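What follows is the content of my_file.cif (mmCIF, C-alpha atoms).
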```cif
data_protein
loop_
_atom_site.group_PDB
_atom_site.id
_atom_site.type_symbol
_atom_site.label_atom_id
_atom_site.label_comp_id
_atom_site.auth_asym_id
_atom_site.auth_seq_id
_atom_site.Cartn_x
_atom_site.Cartn_y
_atom_site.Cartn_z
ATOM 1 C CA MET A 1 86.976 143.251 94.625
ATOM 2 C CA THR A 2 85.397 140.205 96.257
ATOM 3 C CA SER A 3 87.252 137.099 97.404
ATOM 4 C CA PHE A 4 85.532 135.120 94.652
ATOM 5 C CA GLU A 5 86.713 137.503 91.921
ATOM 6 C CA ILE A 6 90.346 137.193 93.016
ATOM 7 C CA TYR A 7 90.377 133.578 91.869
ATOM 8 C CA ARG A 8 89.230 134.040 88.280
ATOM 9 C CA GLU A 9 92.700 133.184 86.977
ATOM 10 C CA ALA A 10 93.436 130.344 89.347
ATOM 11 C CA ASP A 11 94.435 126.782 88.565
ATOM 12 C CA PRO A 12 91.979 125.374 85.956
ATOM 13 C CA VAL A 13 91.878 121.979 87.726
ATOM 14 C CA THR A 14 89.908 123.501 90.594
ATOM 15 C CA THR A 15 86.628 125.353 90.958
ATOM 16 C CA LYS A 16 85.749 127.964 93.568
ATOM 17 C CA GLU A 17 82.552 128.920 95.282
ATOM 18 C CA ILE A 18 81.226 130.824 98.274
ATOM 19 C CA ARG A 19 78.933 128.662 100.390
ATOM 20 C CA ASP A 20 77.184 128.606 103.770
ATOM 21 C CA VAL A 21 77.735 124.931 104.607
ATOM 22 C CA ALA A 22 80.635 124.037 106.903
ATOM 23 C CA PRO A 23 83.207 121.448 105.737
ATOM 24 C CA THR A 24 82.127 117.904 106.500
ATOM 25 C CA HIS A 25 85.231 115.954 107.446
ATOM 26 C CA TYR A 26 87.776 118.081 109.275
ATOM 27 C CA VAL A 27 88.161 121.606 110.670
ATOM 28 C CA LEU A 28 91.454 123.204 111.715
ATOM 29 C CA LYS A 29 91.171 126.318 113.878
ATOM 30 C CA ILE A 30 94.410 128.255 114.334
ATOM 31 C CA GLU A 31 94.823 130.847 117.056
ATOM 32 C CA SER A 32 97.818 133.242 117.073
ATOM 33 C CA PHE A 33 98.410 132.638 113.374
ATOM 34 C CA SER A 34 101.174 135.273 113.282
ATOM 35 C CA LEU A 35 103.354 133.143 115.556
ATOM 36 C CA PHE A 36 103.955 130.700 112.713
ATOM 37 C CA ALA A 37 106.093 133.290 110.934
ATOM 38 C CA LYS A 38 107.735 134.564 114.121
ATOM 39 C CA ASN A 39 108.751 131.030 115.096
ATOM 40 C CA ASN A 40 109.872 130.109 111.554
ATOM 41 C CA LYS A 41 107.252 127.386 111.427
ATOM 42 C CA GLU A 42 107.335 126.365 107.753
ATOM 43 C CA LYS A 43 104.374 124.006 107.836
ATOM 44 C CA TYR A 44 101.801 122.468 110.100
ATOM 45 C CA GLU A 45 100.428 118.922 109.919
ATOM 46 C CA SER A 46 97.068 118.287 111.530
ATOM 47 C CA ASN A 47 96.099 115.317 113.600
ATOM 48 C CA GLU A 48 95.001 112.225 111.736
ATOM 49 C CA PHE A 49 91.357 111.975 110.707
ATOM 50 C CA GLU A 50 89.312 109.406 108.797
ATOM 51 C CA ALA A 51 87.169 109.887 105.707
ATOM 52 C CA GLY A 52 86.070 107.485 102.995
ATOM 53 C CA GLY A 53 87.662 104.526 104.754
ATOM 54 C CA TYR A 54 91.178 106.027 104.811
ATOM 55 C CA LYS A 55 93.211 108.116 107.249
ATOM 56 C CA TRP A 56 94.379 111.582 106.283
ATOM 57 C CA LYS A 57 96.220 114.688 107.426
ATOM 58 C CA LEU A 58 95.687 118.323 106.515
ATOM 59 C CA ILE A 59 98.993 120.098 105.765
ATOM 60 C CA LEU A 60 99.232 123.870 105.885
ATOM 61 C CA TYR A 61 102.097 126.141 104.807
ATOM 62 C CA PRO A 62 101.235 129.438 106.553
ATOM 63 C CA ASN A 63 103.795 131.381 104.514
ATOM 64 C CA GLY A 64 103.604 129.382 101.312
ATOM 65 C CA ASP A 65 105.201 126.247 99.945
ATOM 66 C CA LYS A 66 108.170 127.782 98.196
ATOM 67 C CA SER A 67 109.090 124.485 96.530
ATOM 68 C CA ARG A 68 105.768 124.697 94.623
ATOM 69 C CA ASN A 69 105.816 128.403 93.737
ATOM 70 C CA GLY A 70 103.655 129.257 96.730
ATOM 71 C CA GLU A 71 105.479 132.417 97.833
ATOM 72 C CA ASP A 72 103.258 135.122 99.359
ATOM 73 C CA HIS A 73 100.360 132.682 99.551
ATOM 74 C CA ILE A 74 98.977 130.135 101.949
ATOM 75 C CA SER A 75 99.520 126.611 100.628
ATOM 76 C CA ILE A 76 97.224 123.771 101.648
ATOM 77 C CA TYR A 77 97.371 120.012 101.015
ATOM 78 C CA LEU A 78 95.624 116.780 101.893
ATOM 79 C CA ALA A 79 97.946 113.812 102.512
ATOM 80 C CA VAL A 80 97.328 110.129 103.036
ATOM 81 C CA SER A 81 98.490 109.170 106.522
ATOM 82 C CA GLY A 82 100.950 106.281 106.284
ATOM 83 C CA THR A 83 101.574 103.952 103.371
ATOM 84 C CA SER A 84 99.325 101.006 104.278
ATOM 85 C CA ALA A 85 96.626 102.366 101.980
ATOM 86 C CA PHE A 86 98.879 101.659 99.017
ATOM 87 C CA GLN A 87 99.664 98.028 99.697
ATOM 88 C CA SER A 88 100.178 95.896 96.590
ATOM 89 C CA GLY A 89 100.550 98.942 94.381
ATOM 90 C CA GLY A 90 97.058 100.207 95.049
ATOM 91 C CA ALA A 91 95.758 103.718 94.467
ATOM 92 C CA ILE A 92 93.062 106.002 95.861
ATOM 93 C CA HIS A 93 90.898 108.155 93.618
ATOM 94 C CA VAL A 94 89.731 111.184 95.524
ATOM 95 C CA ALA A 95 88.078 114.589 95.106
ATOM 96 C CA VAL A 96 89.214 117.139 97.701
ATOM 97 C CA SER A 97 87.535 120.360 98.771
ATOM 98 C CA PHE A 98 89.353 122.958 100.914
ATOM 99 C CA SER A 99 87.483 125.667 102.826
ATOM 100 C CA LEU A 100 88.397 128.911 104.579
ATOM 101 C CA TYR A 101 85.888 130.449 106.983
ATOM 102 C CA ASP A 102 84.833 134.083 106.504
ATOM 103 C CA GLN A 103 84.230 135.123 110.124
ATOM 104 C CA VAL A 104 82.686 138.451 109.171
ATOM 105 C CA ARG A 105 80.059 137.158 106.739
ATOM 106 C CA ASP A 106 79.628 133.655 108.219
ATOM 107 C CA ARG A 107 80.376 131.777 105.030
ATOM 108 C CA TYR A 108 83.102 129.658 103.469
ATOM 109 C CA LEU A 109 85.439 130.208 100.546
ATOM 110 C CA THR A 110 85.651 126.700 99.066
ATOM 111 C CA GLU A 111 88.001 125.330 96.426
ATOM 112 C CA GLN A 112 87.034 121.993 94.895
ATOM 113 C CA GLY A 113 89.558 119.867 93.012
ATOM 114 C CA ARG A 114 88.895 117.389 90.249
ATOM 115 C CA VAL A 115 89.179 113.694 90.981
ATOM 116 C CA THR A 116 92.845 112.846 91.362
ATOM 117 C CA ARG A 117 94.746 109.591 91.758
ATOM 118 C CA LEU A 118 96.924 109.182 94.843
ATOM 119 C CA HIS A 119 99.503 106.413 95.109
ATOM 120 C CA VAL A 120 102.738 105.595 96.905
ATOM 121 C CA LEU A 121 104.721 108.070 94.757
ATOM 122 C CA LYS A 122 102.079 110.800 95.011
ATOM 123 C CA ALA A 123 100.501 110.608 98.429
ATOM 124 C CA GLN A 124 99.149 114.140 98.671
ATOM 125 C CA TRP A 125 97.235 116.714 96.667
ATOM 126 C CA GLY A 126 96.652 120.393 97.259
ATOM 127 C CA VAL A 127 96.779 124.011 96.186
ATOM 128 C CA PRO A 128 100.173 125.742 96.509
ATOM 129 C CA ARG A 129 98.672 129.197 95.877
ATOM 130 C CA TYR A 130 95.471 128.817 97.850
ATOM 131 C CA ILE A 131 95.017 132.467 98.899
ATOM 132 C CA PRO A 132 97.344 135.516 98.774
ATOM 133 C CA LEU A 133 98.716 136.356 102.219
ATOM 134 C CA LYS A 134 98.045 140.072 101.674
ATOM 135 C CA PHE A 135 94.375 139.363 101.085
ATOM 136 C CA PHE A 136 94.162 136.729 103.827
ATOM 137 C CA THR A 137 95.656 138.953 106.540
ATOM 138 C CA ASP A 138 93.335 141.902 105.842
ATOM 139 C CA PRO A 139 90.777 141.650 108.716
ATOM 140 C CA SER A 140 88.051 143.275 106.593
ATOM 141 C CA ASN A 141 87.993 140.188 104.383
ATOM 142 C CA GLY A 142 87.052 138.058 107.372
ATOM 143 C CA TYR A 143 89.542 135.214 107.044
ATOM 144 C CA LEU A 144 91.988 136.273 109.764
ATOM 145 C CA VAL A 145 90.250 138.004 112.675
ATOM 146 C CA ASP A 146 92.000 138.589 116.017
ATOM 147 C CA ASP A 147 94.854 136.484 114.646
ATOM 148 C CA THR A 148 92.471 133.489 114.366
ATOM 149 C CA CYS A 149 91.492 131.546 111.249
ATOM 150 C CA VAL A 150 89.578 128.381 110.421
ATOM 151 C CA PHE A 151 90.415 125.974 107.586
ATOM 152 C CA GLY A 152 88.458 122.887 106.601
ATOM 153 C CA VAL A 153 88.579 119.940 104.227
ATOM 154 C CA GLU A 154 86.176 117.460 102.661
ATOM 155 C CA VAL A 155 87.392 114.196 101.184
ATOM 156 C CA PHE A 156 85.299 112.243 98.699
ATOM 157 C CA VAL A 157 86.800 108.859 97.850
ATOM 158 C CA VAL A 158 85.703 107.463 94.493
ATOM 159 C CA LYS A 159 85.370 103.689 94.709
ATOM 160 C CA SER A 160 84.379 101.460 91.825
ATOM 161 C CA SER A 161 81.421 99.250 92.627
ATOM 162 C CA GLY A 162 82.422 96.834 89.873
ATOM 163 C CA VAL A 163 78.989 97.277 88.306
ATOM 164 C CA GLY A 164 78.798 98.128 84.641
ATOM 165 C CA GLU A 165 77.175 97.236 81.369
ATOM 166 C CA ARG A 166 78.490 96.357 77.923
ATOM 167 C CA VAL A 167 76.286 97.337 74.990
ATOM 168 C CA ARG A 168 76.851 95.947 71.501
ATOM 169 C CA MET A 169 74.843 97.417 68.650
ATOM 170 C CA LEU A 170 74.867 95.509 65.374
ATOM 171 C CA GLU A 171 75.915 97.377 62.222
ATOM 172 C CA GLU A 172 73.933 95.250 59.798
ATOM 173 C CA SER A 173 71.048 93.062 60.843
ATOM 174 C CA THR A 174 68.812 91.229 58.414
ATOM 175 C CA PRO A 175 65.103 91.354 59.256
ATOM 176 C CA TYR A 176 63.494 87.978 59.796
ATOM 177 C CA THR A 177 59.883 87.410 58.798
ATOM 178 C CA TYR A 178 57.725 84.740 60.389
ATOM 179 C CA GLU A 179 54.160 83.896 59.295
ATOM 180 C CA TRP A 180 51.585 82.250 61.508
ATOM 181 C CA LYS A 181 48.343 81.085 59.914
ATOM 182 C CA THR A 182 45.331 80.913 62.183
ATOM 183 C CA SER A 183 41.673 80.042 61.447
ATOM 184 C CA ARG A 184 38.260 81.310 62.553
ATOM 185 C CA LEU A 185 39.715 84.363 64.246
ATOM 186 C CA SER A 186 36.555 86.483 63.912
ATOM 187 C CA SER A 187 34.407 83.891 65.687
ATOM 188 C CA SER A 188 36.946 82.438 68.080
ATOM 189 C CA GLU A 189 35.982 81.733 71.672
ATOM 190 C CA ASP A 190 39.547 80.705 72.584
ATOM 191 C CA GLU A 191 41.136 82.371 75.569
ATOM 192 C CA SER A 192 44.615 82.256 73.993
ATOM 193 C CA ARG A 193 46.359 81.067 70.861
ATOM 194 C CA TYR A 194 50.100 80.475 70.536
ATOM 195 C CA SER A 195 52.275 80.289 67.441
ATOM 196 C CA ASP A 196 55.025 77.767 66.962
ATOM 197 C CA MET A 197 58.443 78.784 68.215
ATOM 198 C CA PHE A 198 60.740 80.509 65.699
ATOM 199 C CA THR A 199 64.395 81.517 65.959
ATOM 200 C CA VAL A 200 66.051 84.835 65.153
ATOM 201 C CA GLY A 201 69.803 84.661 65.704
ATOM 202 C CA VAL A 202 70.231 82.780 68.973
ATOM 203 C CA TYR A 203 66.905 83.953 70.353
ATOM 204 C CA LYS A 204 63.673 81.954 70.313
ATOM 205 C CA TRP A 205 60.304 83.664 70.030
ATOM 206 C CA LYS A 206 56.599 83.045 70.031
ATOM 207 C CA VAL A 207 53.614 85.179 69.158
ATOM 208 C CA TYR A 208 50.435 84.718 71.087
ATOM 209 C CA MET A 209 47.076 86.407 71.099
ATOM 210 C CA ARG A 210 43.921 86.665 73.144
ATOM 211 C CA PRO A 211 41.167 86.641 70.496
ATOM 212 C CA ARG A 212 38.584 88.089 72.908
ATOM 213 C CA GLY A 213 41.005 90.529 74.530
ATOM 214 C CA ASP A 214 43.064 90.487 77.708
ATOM 215 C CA SER A 215 41.523 91.221 81.111
ATOM 216 C CA ASN A 216 41.302 94.959 80.417
ATOM 217 C CA ASN A 217 40.009 94.609 76.858
ATOM 218 C CA ARG A 218 37.594 91.743 77.277
ATOM 219 C CA GLY A 219 35.043 91.760 74.466
ATOM 220 C CA LYS A 220 36.493 94.965 73.021
ATOM 221 C CA ASN A 221 39.862 94.351 71.388
ATOM 222 C CA LEU A 222 42.063 91.629 69.978
ATOM 223 C CA SER A 223 45.223 91.566 72.144
ATOM 224 C CA MET A 224 48.586 90.562 70.639
ATOM 225 C CA PHE A 225 51.912 89.690 72.272
ATOM 226 C CA LEU A 226 55.529 89.046 71.244
ATOM 227 C CA TRP A 227 57.289 86.687 73.656
ATOM 228 C CA LEU A 228 61.019 86.066 74.061
ATOM 229 C CA TYR A 229 60.608 82.396 74.795
ATOM 230 C CA ASN A 230 64.081 81.227 75.866
ATOM 231 C CA THR A 231 64.840 83.749 78.617
ATOM 232 C CA GLU A 232 66.306 80.932 80.713
ATOM 233 C CA ASP A 233 69.259 80.980 78.301
ATOM 234 C CA LEU A 234 69.978 84.649 79.075
ATOM 235 C CA ALA A 235 72.373 85.722 81.796
ATOM 236 C CA SER A 236 70.678 87.459 84.726
ATOM 237 C CA ASN A 237 71.667 90.924 83.455
ATOM 238 C CA GLU A 238 71.551 90.204 79.717
ATOM 239 C CA LYS A 239 69.037 91.916 77.460
ATOM 240 C CA VAL A 240 68.396 92.071 73.733
ATOM 241 C CA ASN A 241 67.253 95.076 71.722
ATOM 242 C CA VAL A 242 64.779 94.264 68.979
ATOM 243 C CA ARG A 243 62.954 96.215 66.267
ATOM 244 C CA PHE A 244 59.739 94.573 65.143
ATOM 245 C CA VAL A 245 56.238 94.929 63.786
ATOM 246 C CA ILE A 246 53.281 92.547 63.753
ATOM 247 C CA ARG A 247 50.788 92.613 60.891
ATOM 248 C CA LEU A 248 47.407 90.987 60.531
ATOM 249 C CA LYS A 249 46.918 89.962 56.884
ATOM 250 C CA SER A 250 44.315 88.176 54.843
ATOM 251 C CA GLN A 251 45.240 85.001 53.030
ATOM 252 C CA ASN A 252 45.436 87.161 49.894
ATOM 253 C CA ASN A 253 48.249 89.160 51.519
ATOM 254 C CA VAL A 254 46.137 92.257 52.199
ATOM 255 C CA VAL A 255 47.292 94.045 55.338
ATOM 256 C CA LEU A 256 44.295 94.437 57.651
ATOM 257 C CA ARG A 257 46.133 95.869 60.647
ATOM 258 C CA GLN A 258 49.689 97.104 61.176
ATOM 259 C CA PRO A 259 50.622 99.141 64.253
ATOM 260 C CA GLU A 260 53.782 101.257 64.379
ATOM 261 C CA VAL A 261 57.218 99.638 64.361
ATOM 262 C CA VAL A 262 58.496 99.112 67.915
ATOM 263 C CA THR A 263 62.091 99.079 69.172
ATOM 264 C CA THR A 264 62.529 97.851 72.742
ATOM 265 C CA TRP A 265 64.606 95.709 75.109
ATOM 266 C CA PHE A 266 63.712 92.156 76.163
ATOM 267 C CA SER A 267 65.225 90.411 79.182
ATOM 268 C CA ARG A 268 64.483 87.840 81.849
ATOM 269 C CA SER A 269 62.424 90.367 83.762
ATOM 270 C CA ILE A 270 60.704 91.791 80.644
ATOM 271 C CA PRO A 271 60.156 88.846 78.252
ATOM 272 C CA ILE A 272 56.927 90.070 76.618
ATOM 273 C CA TYR A 273 55.810 93.080 74.624
ATOM 274 C CA SER A 274 52.068 93.539 74.348
ATOM 275 C CA TRP A 275 49.492 95.361 72.226
ATOM 276 C CA PRO A 276 46.419 95.062 74.473
ATOM 277 C CA SER A 277 44.303 96.987 71.935
ATOM 278 C CA PHE A 278 45.823 95.543 68.796
ATOM 279 C CA MET A 279 42.562 95.654 66.846
ATOM 280 C CA PRO A 280 38.929 96.319 67.847
ATOM 281 C CA LEU A 281 36.870 93.131 67.767
ATOM 282 C CA LYS A 282 34.240 94.884 65.680
ATOM 283 C CA MET A 283 36.889 95.553 63.037
ATOM 284 C CA VAL A 284 38.089 91.935 63.286
ATOM 285 C CA ARG A 285 34.586 90.651 62.553
ATOM 286 C CA GLU A 286 34.161 93.082 59.642
ATOM 287 C CA SER A 287 37.625 92.669 58.108
ATOM 288 C CA VAL A 288 38.742 89.099 58.755
ATOM 289 C CA LYS A 289 36.442 87.217 56.419
ATOM 290 C CA ASP A 290 38.971 84.958 54.709
ATOM 291 C CA ASP A 291 40.136 81.804 56.418
ATOM 292 C CA PRO A 292 42.843 81.322 57.460
ATOM 293 C CA CYS A 293 44.267 84.764 58.170
ATOM 294 C CA VAL A 294 47.990 85.422 58.657
ATOM 295 C CA ILE A 295 49.872 86.936 61.594
ATOM 296 C CA GLU A 296 53.154 88.201 60.162
ATOM 297 C CA VAL A 297 56.062 89.173 62.401
ATOM 298 C CA GLU A 298 59.008 91.107 60.999
ATOM 299 C CA ILE A 299 61.787 91.191 63.583
ATOM 300 C CA THR A 300 65.368 92.447 63.661
ATOM 301 C CA VAL A 301 67.889 92.014 66.466
ATOM 302 C CA VAL A 302 69.444 95.472 66.848
ATOM 303 C CA GLY A 303 71.845 94.933 69.736
ATOM 304 C CA THR A 304 72.592 93.264 73.048
ATOM 305 C CA ALA A 305 73.629 94.379 76.508
ATOM 306 C CA SER A 306 75.169 92.422 79.346
ATOM 307 C CA LYS A 307 77.017 92.902 82.627
ATOM 308 C CA LEU A 308 80.511 94.272 82.217
ATOM 309 C CA ALA A 309 82.920 91.618 83.420
#
```
The structure given in the file should be rewritten as structure tokens.
Amino acid sequence: MTSFEIYREADPVTTKEIRDVAPTHYVLKIESFSLFAKNNKEKYESNEFEAGGYKWKLILYPNGDKSRNGEDHISIYLAVSGTSAFQSGGAIHVAVSFSLYDQVRDRYLTEQGRVTRLHVLKAQWGVPRYIPLKFFTDPSNGYLVDDTCVFGVEVFVVKSSGVGERVRMLEESTPYTYEWKTSRLSSSEDESRYSDMFTVGVYKWKVYMRPRGDSNNRGKNLSMFLWLYNTEDLASNEKVNVRFVIRLKSQNNVVLRQPEVVTTWFSRSIPIYSWPSFMPLKMVRESVKDDPCVIEVEITVVGTASKLA
């Protein structure tokens, strides 16, 4: 039976693995391990070390922490050094990984804990039944060789950056339809045309077009754009989710061009959605014979997102 298999029924709040990488933050090498028992040394506290901006100690019970049902096992804990870390009722959220070096196979038996919360009333976390002493002391397993063993610990402090986002999706939103009448589209030499501003909810919009195409579609396609016009009223991290479609219609209400419905986010940094190839100019000249024609926008505000305060 391998060392990994022994831990199948271990504490469900931890996970085990065999790995080649040495522990990052602290290593404790013990020589003459058997003298702990001979000298009735119940536990050993390491020197202080720093990780994640805090000071810690590694605590080892060579013959088990009997107060935590650790008989016949090695017990191992990580403890916050001192109480200054918990000033004003603070807490530390931390994920701890303990390692035991296999000197025969040159690898580490590692036990990783879930993120836990340490505070003034709970200043340490560990594994009371880390490894059975019978298994640990068998030299063929590689953990205690010539009465020498090596333990290690990694400490990953979880700190909130204060960055987050609040998303609000609207249950029922009524589509808003805006019509923009424009003349002589098929023969236009205008660089750009802009609709009047229209309002949907608290957001102001404009439609604009390039009748002869944008820079990449010059002389080939009619280019169309939807523009969130009042982005200066948005917070720096605010954005609005919108579902919309733009149709080109004759004055007799015949739809000449309707691309697929689009759902996307608008913000200060992305205020415009574009259809560079909205309609080939050849098709515009063939289809748009009535004057004026109608640009119809159907738009629905689906939701909003902003920085989480």
- Once the PyMOL selection byres ((chain A and resi 230) around 10) has been applied to the shown file, what residues remain in the selection, as an MDAnalysis selection string? chainID A and resid 197 199 202:206 227:229 231:234 267:268 271
- Query: If you apply the PyMOL selection byres ((chain A and resi 102) around 10) to this file, what residues do you get, as a list of chain:residue names?
  - Reply: A:Ser3, A:Ile18, A:Asp20, A:Ser99, A:Leu100, A:Tyr101, A:Gln103, A:Val104, A:Arg105, A:Asp106, A:Arg107, A:Tyr108, A:Leu109, A:Pro139, A:Ser140, A:Asn141, A:Gly142, A:Tyr143, A:Leu144, A:Val145, A:Cys149, A:Val150, A:Phe151
Print the selection's residues with C-alpha atoms to a file, as a short mmCIF file (atom, residue, chain, number, x, y, z; two decimals), in the coordinates of the input.
```
data_model
loop_
_atom_site.label_atom_id
_atom_site.label_comp_id
_atom_site.auth_asym_id
_atom_site.auth_seq_id
_atom_site.Cartn_x
_atom_site.Cartn_y
_atom_site.Cartn_z
CA SER A 3 87.25 137.10 97.40
CA ILE A 18 81.23 130.82 98.27
CA ASP A 20 77.18 128.61 103.77
CA SER A 99 87.48 125.67 102.83
CA LEU A 100 88.40 128.91 104.58
CA TYR A 101 85.89 130.45 106.98
CA GLN A 103 84.23 135.12 110.12
CA VAL A 104 82.69 138.45 109.17
CA ARG A 105 80.06 137.16 106.74
CA ASP A 106 79.63 133.66 108.22
CA ARG A 107 80.38 131.78 105.03
CA TYR A 108 83.10 129.66 103.47
CA LEU A 109 85.44 130.21 100.55
CA PRO A 139 90.78 141.65 108.72
CA SER A 140 88.05 143.28 106.59
CA ASN A 141 87.99 140.19 104.38
CA GLY A 142 87.05 138.06 107.37
CA TYR A 143 89.54 135.21 107.04
CA LEU A 144 91.99 136.27 109.76
CA VAL A 145 90.25 138.00 112.68
CA CYS A 149 91.49 131.55 111.25
CA VAL A 150 89.58 128.38 110.42
CA PHE A 151 90.42 125.97 107.59
#
```
- Between A:Lys55, A:Arg285, A:Lys38, A:Lys122, which is the closest to Ser188 of chain A once you count all atoms listed in the file?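 Between A:Lys55, A:Arg285, A:Lys38, A:Lys122, the residue approaching Ser188 of chain A most closely is A:Arg285.
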- Picked residues, the PyMOL selection byres ((chain A and resi 17) around 8), expected as a list of chain:residue names: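 Going through the file, the PyMOL selection byres ((chain A and resi 17) around 8) ends up selecting A:Phe4, A:Thr15, A:Lys16, A:Ile18, A:Arg19, A:Leu109, A:Thr110, A:Glu111.
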Residues of segment 149-172 of chain A within 10 Å of segment 46-51 of chain A: nearest atom pair and distance (Å, one decimal) for each, counting only C-alpha atoms, sorted by chain and number, as a Markdown table?
```
| residue | atom | partner | partner_atom | distance |
| --- | --- | --- | --- | --- |
| A:Glu154 | CA | A:Ala51 | CA | 8.2 |
| A:Val155 | CA | A:Ala51 | CA | 6.3 |
| A:Phe156 | CA | A:Ala51 | CA | 7.6 |
| A:Val157 | CA | A:Ala51 | CA | 7.9 |
```
Convert the current residue selection to file output with C-alpha atoms, as a PDB file, in the frame of the given file.
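Now in out_8.pdb:
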```
ATOM      1  CA  GLU A 154      86.176 117.460 102.661  1.00  0.00           C
ATOM      2  CA  VAL A 155      87.392 114.196 101.184  1.00  0.00           C
ATOM      3  CA  PHE A 156      85.299 112.243  98.699  1.00  0.00           C
ATOM      4  CA  VAL A 157      86.800 108.859  97.850  1.00  0.00           C
TER       5      VAL A 157
END
```
- Task: Work out how far apart atom CA of Leu118 of chain A and atom CA of Asn40 of chain A are and give it in Å to one decimal.
- Result: 29.7 Å
- At what distance in Å, to one decimal, does atom CA of Ile295 of chain A lie from atom CA of Asp196 of chain A?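 A separation of 11.8 Å between them.
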- Message: Just to confirm, what's the straight-line distance from atom CA of Lys239 of chain A to atom CA of Thr304 of chain A in Å (one decimal)?
- Response: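 Going from atom CA of Lys239 of chain A over to atom CA of Thr304 of chain A, I get 5.8 Å.
Neighbours of Arg68 of chain A closer than or equal to 10 Å, with all atoms listed in the file counted and sequence neighbours fewer than 5 positions away skipped, come out as Ser75, Val127, Pro128 and Arg129 of chain A.
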- Within 8 Å of Arg212 of chain A using all atoms listed in the file, minus same-chain residues under 2 positions, as an NGL selection string: :A and (188-191 or 210 or 214 or 217-223 or 281)
- Quick one: of A:Ser84, A:Ser250, A:Asn63, A:Asn241, who's nearest to Ile131 of chain A, counting only C-alpha atoms?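 For Ile131 of chain A, the nearest of the candidates is A:Asn63.
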- Closest of A:Tyr130, A:Ser269, A:Ala37, A:Thr14 to Arg114 of chain A - atom-to-atom distances counting only C-alpha atoms: A:Thr14
- Message: If we count all atoms listed in the file and set the cut-off at 9 Å, which residues sit around Glu165 of chain A, ignoring sequence neighbours fewer than 4 positions away in its own chain? Please answer as JSON, numbers by chain.
- Response: {"A": [237, 305, 306, 307, 308, 309]}
- When distances are computed from all atoms listed in the file, which of A:Val21, A:Val261, A:Leu185, A:Ile92 shows the smallest separation from Met283 of chain A?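 The answer is A:Leu185, which sits nearest to Met283 of chain A.
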Long-range neighbours of Lys159 of chain A as a CSV table (one decimal) with C-alpha atoms, keeping the file's coordinate frame, 12 Å cut-off, all atoms listed in the file, 3 positions minimum in chain:
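Dumped to around-v5.csv:
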```csv
chain,number,residue,atom,x,y,z
A,52,GLY,CA,86.1,107.5,103.0
A,53,GLY,CA,87.7,104.5,104.8
A,54,TYR,CA,91.2,106.0,104.8
A,91,ALA,CA,95.8,103.7,94.5
A,92,ILE,CA,93.1,106.0,95.9
A,93,HIS,CA,90.9,108.2,93.6
A,94,VAL,CA,89.7,111.2,95.5
A,95,ALA,CA,88.1,114.6,95.1
A,115,VAL,CA,89.2,113.7,91.0
A,117,ARG,CA,94.7,109.6,91.8
A,156,PHE,CA,85.3,112.2,98.7
A,162,GLY,CA,82.4,96.8,89.9
A,163,VAL,CA,79.0,97.3,88.3
```
- Message: Between A:Gly90, A:Pro175, A:Gly213, A:Pro259, which residue has the minimum interatomic distance to Pro280 of chain A, considering only C-alpha atoms?
- Response: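 Ranking A:Gly90, A:Pro175, A:Gly213, A:Pro259 by distance to Pro280 of chain A, first place goes to A:Gly213.
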- Item | Neighbour list for Glu179 of chain A as a list in words, cut-off 9 Å, all atoms listed in the file, skip fewer than 4 positions in-chain | Val294, Ile295, Glu296, Val297 and Glu298 of chain A
